[in-house]
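S.K.: A single structure is presented below for examination.
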Amino acid sequence: MDLLDTLTAKGLRGETPTREEALAVLATTDDELLDVVAAAGRVRRRWFGRRVKLNYLVNLKSGLCPEDCSYCSQRLGSKAEILKYTWLKPGQAAEAARAGVSGGAKRVCLVASGRGPTDRDIDRVTDTVAAIKEADPAVEICACLGLLSDNQAERLKAAGVDAYNHNLNTSEGTYGDIATTHTYADRVDTVQKAHGAGLSACSGLIAGMGESDEDLVDVVFALRELGSDSVPVNFLIPFEGTPLAKEWNLSPQRCLRILAMVRFVNPDTEVRIAGGREVHLRSMQPLGLHLANSIFLGDYLTSEGQAGQTDLDMIADAGFEVEGVGESTLPRHRADIAAAATGGCGTGAPGGAGGGCGTAAVPGGSEDADAAAGGGCGTGSGCGPCGGHGHAVPAATADRAVDGTAATVPAGSDEVRTDLVRVRRRGAGTELAPNA
């Protein structure tokens with residue numbers, strides 16, 4: 001179809017589509033879905049080959065958040081039966097990080113619930129980063145601590161943090177319907193503070209909260225304008241006990257169209273499938289790898305993911321490969337821009353300069369080439385919808401599933417699906433091993 005030919009040509013040149021073209025992707029039919037995936041897949045391979053970057057979440061502090069984000073299981077007033085605990089010790093966090101790194105993760109995302117960090121919290125994170133990097137100096141560290149105050153981003157950068165995650169989540173026009181204790185402008189300000197301090201900007205969205213196609217396009221274009229190096233795409237996990245518990249609006253096909261639209265708007269940017277991947281894409285997860293070049297390994301914050309080895313098998317079976325520590329995530333020209341902006345490696349190889357060391361797709365290369373030689377949640381804003389590690393609980397409680405009305409159930413039906421969302425009861429701070 002003419003639309004896909006146009007979008008593919010623009011994507012292969014690294015150009016941004018129009019808003020109308022982005023909206024048209026979301027309006028395509030299921031009969032056209034494989035054509036949409038194939039077109040966006042060509043763009044993905046052009047800039048990222050068949051590499052998949054693995055990321056691993058460590059929840060430093062879970063629950064008890066004073067913010068009222070409607071989607072978040074850690075929000076003020078949440079009745080979701082998640083684990084609640086205060087700050088992990090640096091050694092505990094480093095042990096959790098090792099589990100992810102040993103499974104192939106090259107980035108560790110340190111997340112803490114709350115409105116934003118105090119100066120003492122920054123000290124805690126500094127000690128944790130030191131413990132993690134003592135064990136593995138090459139690992140990338142992304143912090144997600146909520147709204148930043150002046151000079152906090154600079155302190156994180158000096159401590160060895162490489163990136164900062166703070167998601168915009170939804171469009172500016174509808175943000176007030178999702179949260180009232182802070183504003184969309186507050187989130188933009190934090191992303192700008194992080195970027196200005198030399199941290200790679202990681203900012204994304206949550207789909208499935210009842211937003212319109214226009215809202216999705218608005219937030220994706222806003223992320224493009226902010227210069228986010230990494231765009232996590234979360235799919236709402238409707239936790240029982242939160243205001244959005246019944247918002248089961250997504251099908252696997254809808255999720256793939258959203259990922260394709262994000263890829264077309266951000267052809268040369270890291271696009272990550274984040275929270276809700278297993279819940280909403282289900283058996284169609286491998287098709288998502290043709291659109292995104294980054295995923296989380298194993299569990300999320302307050303919800304279980306699929307087994308880490310299953311993730312690795314899925315990547316291999318789909319014909320992709322895990323991105324190595326010595327490889328630059330971003331294509332060479334984007335890595336150079338990130339390095340100039342941050343004074344470091346952006347999302348390239350840790351410790352690299354400019355485009356980083358290792359391999360990266362370069363302009364003018366084959367769209368199907370794997371790579372060419374190169375030179376490198378606080379307030380629910382986290383790398384994925386919220387949650388965490390915590391203390392061990394009785395097996396009967398650990399096995400409890402969270403109910404939610406499935407997308408396949410007819411409107412008005414009282415039938416529920418109890419097999420989709422499971423509260424996480426393992427990982428750092430518990431007696432149960434992490435899922436990695």
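Identifiers in this document derive from the order of the structure tokens: chains are assigned A, B, ..., residues are numbered from 1 separately in each chain, and ligands are numbered from 1 in order of occurrence.
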I'd like the neighbourhood of range 181-189 of chain A as a list in words, where a residue qualifies if any of its atoms comes within 10 Å (using only C-alpha atoms), though same-chain residues fewer than 6 positions away should be ignored.
M.R.: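 So, after excluding close chain neighbours, the residues are Pro66, Glu67, Asp68, Cys69, Arg115, Gly146, Leu147, Leu148, Ser149, His166, Asn167, Leu168, Asn169, Thr170, Ser171, Glu172, Gly173, Thr174, Tyr175, His195, Ser203, Ala222, Leu223, Leu226, Thr379 and Ser381 of chain A.
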S.K.: So that I can check the surroundings of Ala9 in chain A, please list as a ChimeraX atom specification every protein, DNA and RNA residue that reaches within 12 Å of it, counting only C-alpha atoms and ignoring chain neighbours fewer than 2 positions away.
M.R.: /A:2-7,11-17,39-40,42-43,46,264,267,367
S.K.: Could you tell me how far CA of Asp218 in chain A lies from CA of Arg332 in chain A, in Å and to one decimal?
M.R.: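 Pair CA of Asp218 in chain A / CA of Arg332 in chain A returns 27.5 Å.
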S.K.: Could you pull out all residues of range 47-287 of chain A with a DSSP call of strand (DSSP E or B) and give them as a PyMOL selection string?
M.R.: chain A and resi 51-62+85+107-112+140-144+163-165+169+200-202+205-207+230-235+270-273
S.K.: Which residues, written as a ChimeraX atom specification, have at least one atom at most 9 Å from Pro286 in chain A, with only C-alpha atoms counted and residues fewer than 6 positions away on the same chain left out?
M.R.: /A:314-315,317-318
S.K.: For C-alpha atoms, I'd like the residues from the last selection saved as a short mmCIF file (atom, residue, chain, number, x, y, z; two decimals), in the first residue's frame.
M.R.:
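The resulting out_9.cif:
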```cif
data_model
loop_
_atom_site.label_atom_id
_atom_site.label_comp_id
_atom_site.auth_asym_id
_atom_site.auth_seq_id
_atom_site.Cartn_x
_atom_site.Cartn_y
_atom_site.Cartn_z
CA MET A 314 12.28 -16.43 21.93
CA ILE A 315 14.98 -14.07 20.65
CA ASP A 317 13.99 -18.73 17.69
CA ALA A 318 12.81 -15.51 15.98
#
```
S.K.: Running DSSP on the backbone, which parts of range 147-320 of chain A land in alpha helix (DSSP H), as a VMD selection string?
M.R.: chain A and resid 152 to 159 184 to 196 213 to 226 252 to 265 285 to 288 308 to 317
S.K.: CA of Val217 in chain A to CA of Val271 in chain A: how many Å, to one decimal?
M.R.: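 Going from CA of Val217 in chain A over to CA of Val271 in chain A, I get 15.0 Å.
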S.K.: As an exercise, work out the distance from CA of Gly196 in chain A to CA of Ala339 in chain A in Å and give it to one decimal place.
M.R.: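 Rounded to one decimal, the two atoms are 12.3 Å apart.
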S.K.: Would you list the contacts of Arg19 in chain A as a PDB file with all heavy atoms, in the first residue's frame, taking every protein, DNA or RNA residue within 9 Å and counting only C-alpha atoms, but skipping same-chain residues closer than 3 positions in sequence?
M.R.:
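File out_10.pdb, as written:
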```pdb
ATOM      1  N   ALA A  22       1.230   8.826  10.822  1.00  0.00           N
ATOM      2  CA  ALA A  22       1.301   8.048  12.061  1.00  0.00           C
ATOM      3  C   ALA A  22      -0.086   7.580  12.491  1.00  0.00           C
ATOM      4  O   ALA A  22      -0.271   6.427  12.911  1.00  0.00           O
ATOM      5  CB  ALA A  22       1.946   8.885  13.164  1.00  0.00           C
ATOM      6  N   LEU A  23      -1.075   8.449  12.370  1.00  0.00           N
ATOM      7  CA  LEU A  23      -2.441   8.075  12.707  1.00  0.00           C
ATOM      8  C   LEU A  23      -2.950   6.976  11.781  1.00  0.00           C
ATOM      9  O   LEU A  23      -3.686   6.076  12.211  1.00  0.00           O
ATOM     10  CB  LEU A  23      -3.357   9.294  12.622  1.00  0.00           C
ATOM     11  CG  LEU A  23      -3.255  10.296  13.780  1.00  0.00           C
ATOM     12  CD1 LEU A  23      -3.966  11.604  13.420  1.00  0.00           C
ATOM     13  CD2 LEU A  23      -3.855   9.701  15.049  1.00  0.00           C
ATOM     14  N   ALA A  24      -2.550   7.045  10.520  1.00  0.00           N
ATOM     15  CA  ALA A  24      -2.998   6.047   9.551  1.00  0.00           C
ATOM     16  C   ALA A  24      -2.477   4.661   9.892  1.00  0.00           C
ATOM     17  O   ALA A  24      -3.137   3.653   9.622  1.00  0.00           O
ATOM     18  CB  ALA A  24      -2.564   6.453   8.145  1.00  0.00           C
ATOM     19  N   GLU A 214      -5.133   9.854  18.671  1.00  0.00           N
ATOM     20  CA  GLU A 214      -4.502  11.181  18.655  1.00  0.00           C
ATOM     21  C   GLU A 214      -3.604  11.367  19.879  1.00  0.00           C
ATOM     22  O   GLU A 214      -2.515  11.956  19.776  1.00  0.00           O
ATOM     23  CB  GLU A 214      -5.566  12.281  18.602  1.00  0.00           C
ATOM     24  CG  GLU A 214      -6.285  12.409  17.272  1.00  0.00           C
ATOM     25  CD  GLU A 214      -7.325  11.319  17.036  1.00  0.00           C
ATOM     26  OE1 GLU A 214      -7.647  10.561  18.004  1.00  0.00           O
ATOM     27  OE2 GLU A 214      -7.830  11.221  15.894  1.00  0.00           O
ATOM     28  N   VAL A 217      -0.327   9.438  19.302  1.00  0.00           N
ATOM     29  CA  VAL A 217       0.543  10.133  18.356  1.00  0.00           C
ATOM     30  C   VAL A 217       1.133  11.385  19.008  1.00  0.00           C
ATOM     31  O   VAL A 217       2.323  11.692  18.835  1.00  0.00           O
ATOM     32  CB  VAL A 217      -0.231  10.463  17.065  1.00  0.00           C
ATOM     33  CG1 VAL A 217       0.587  11.401  16.175  1.00  0.00           C
ATOM     34  CG2 VAL A 217      -0.564   9.181  16.312  1.00  0.00           C
ATOM     35  N   ASP A 218       0.328  12.097  19.781  1.00  0.00           N
ATOM     36  CA  ASP A 218       0.829  13.304  20.454  1.00  0.00           C
ATOM     37  C   ASP A 218       2.020  12.989  21.355  1.00  0.00           C
ATOM     38  O   ASP A 218       3.046  13.683  21.321  1.00  0.00           O
ATOM     39  CB  ASP A 218      -0.280  13.941  21.303  1.00  0.00           C
ATOM     40  CG  ASP A 218      -1.282  14.735  20.489  1.00  0.00           C
ATOM     41  OD1 ASP A 218      -1.013  14.988  19.297  1.00  0.00           O
ATOM     42  OD2 ASP A 218      -2.335  15.105  21.044  1.00  0.00           O
ATOM     43  N   PHE A 221       5.218  11.911  19.335  1.00  0.00           N
ATOM     44  CA  PHE A 221       5.896  13.046  18.712  1.00  0.00           C
ATOM     45  C   PHE A 221       6.554  13.932  19.770  1.00  0.00           C
ATOM     46  O   PHE A 221       7.631  14.498  19.530  1.00  0.00           O
ATOM     47  CB  PHE A 221       4.917  13.851  17.853  1.00  0.00           C
ATOM     48  CG  PHE A 221       4.817  13.351  16.432  1.00  0.00           C
ATOM     49  CD1 PHE A 221       4.041  12.253  16.125  1.00  0.00           C
ATOM     50  CD2 PHE A 221       5.522  13.966  15.413  1.00  0.00           C
ATOM     51  CE1 PHE A 221       3.959  11.771  14.825  1.00  0.00           C
ATOM     52  CE2 PHE A 221       5.446  13.502  14.102  1.00  0.00           C
ATOM     53  CZ  PHE A 221       4.667  12.401  13.803  1.00  0.00           C
ATOM     54  N   VAL A 265       7.934   6.699  13.735  1.00  0.00           N
ATOM     55  CA  VAL A 265       8.197   8.058  14.218  1.00  0.00           C
ATOM     56  C   VAL A 265       9.612   8.174  14.775  1.00  0.00           C
ATOM     57  O   VAL A 265      10.215   9.252  14.737  1.00  0.00           O
ATOM     58  CB  VAL A 265       7.159   8.467  15.286  1.00  0.00           C
ATOM     59  CG1 VAL A 265       7.467   9.851  15.864  1.00  0.00           C
ATOM     60  CG2 VAL A 265       5.749   8.473  14.685  1.00  0.00           C
TER      61      VAL A 265
END
```
S.K.: Neighbouring residues of Gly77 in chain A were defined as those with any atom within 10 Å, considering only C-alpha atoms; residues of the same chain fewer than 3 positions away were excluded. Please report them as number ranges by chain.
M.R.: A: 64-68, 70, 73-74, 80, 241-243
S.K.: Considering only C-alpha atoms, give me a table of residues in range 11-66 of chain A that are at most 12 Å from range 120-130 of chain A, with the closest atom pair and distance in Å for each, as CSV.
M.R.:
```
residue,atom,partner,partner_atom,distance
A:Val58,CA,A:Thr128,CA,10.9
A:Asn59,CA,A:Val125,CA,11.6
A:Leu60,CA,A:Val125,CA,8.8
A:Lys61,CA,A:Asp121,CA,10.5
```
S.K.: Using N, CA, C and O atoms, can you write the selected residues to a file as a short mmCIF file (atom, residue, chain, number, x, y, z; two decimals), in the first residue's frame?
M.R.:
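The new file selection.cif reads:
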```cif
data_model
loop_
_atom_site.label_atom_id
_atom_site.label_comp_id
_atom_site.auth_asym_id
_atom_site.auth_seq_id
_atom_site.Cartn_x
_atom_site.Cartn_y
_atom_site.Cartn_z
N VAL A 58 15.70 -3.47 38.71
CA VAL A 58 15.90 -3.70 40.14
C VAL A 58 15.10 -2.63 40.87
O VAL A 58 15.36 -1.44 40.73
N ASN A 59 14.11 -3.06 41.64
CA ASN A 59 13.25 -2.13 42.36
C ASN A 59 13.86 -1.84 43.73
O ASN A 59 13.84 -2.69 44.62
N LEU A 60 14.40 -0.66 43.89
CA LEU A 60 15.12 -0.32 45.11
C LEU A 60 14.18 -0.04 46.28
O LEU A 60 14.56 -0.19 47.44
N LYS A 61 12.96 0.38 45.97
CA LYS A 61 12.00 0.80 47.01
C LYS A 61 10.61 0.65 46.42
O LYS A 61 10.31 1.21 45.37
#
```
S.K.: Quick one: residues within 12 Å of Gly227 in chain A, only C-alpha atoms counted, chain neighbours fewer than 2 positions away excluded, as a ChimeraX atom specification?
M.R.: /A:188,191-192,194-196,199-204,220-225,229-231,266,268-270,334,337-338,341-342,346
S.K.: Choose the residue, out of A:Gly104, A:Gly276, A:Gly198, A:Gly210, that has the smallest atom-to-atom separation from Asn55 in chain A; count only C-alpha atoms.
M.R.: A:Gly104
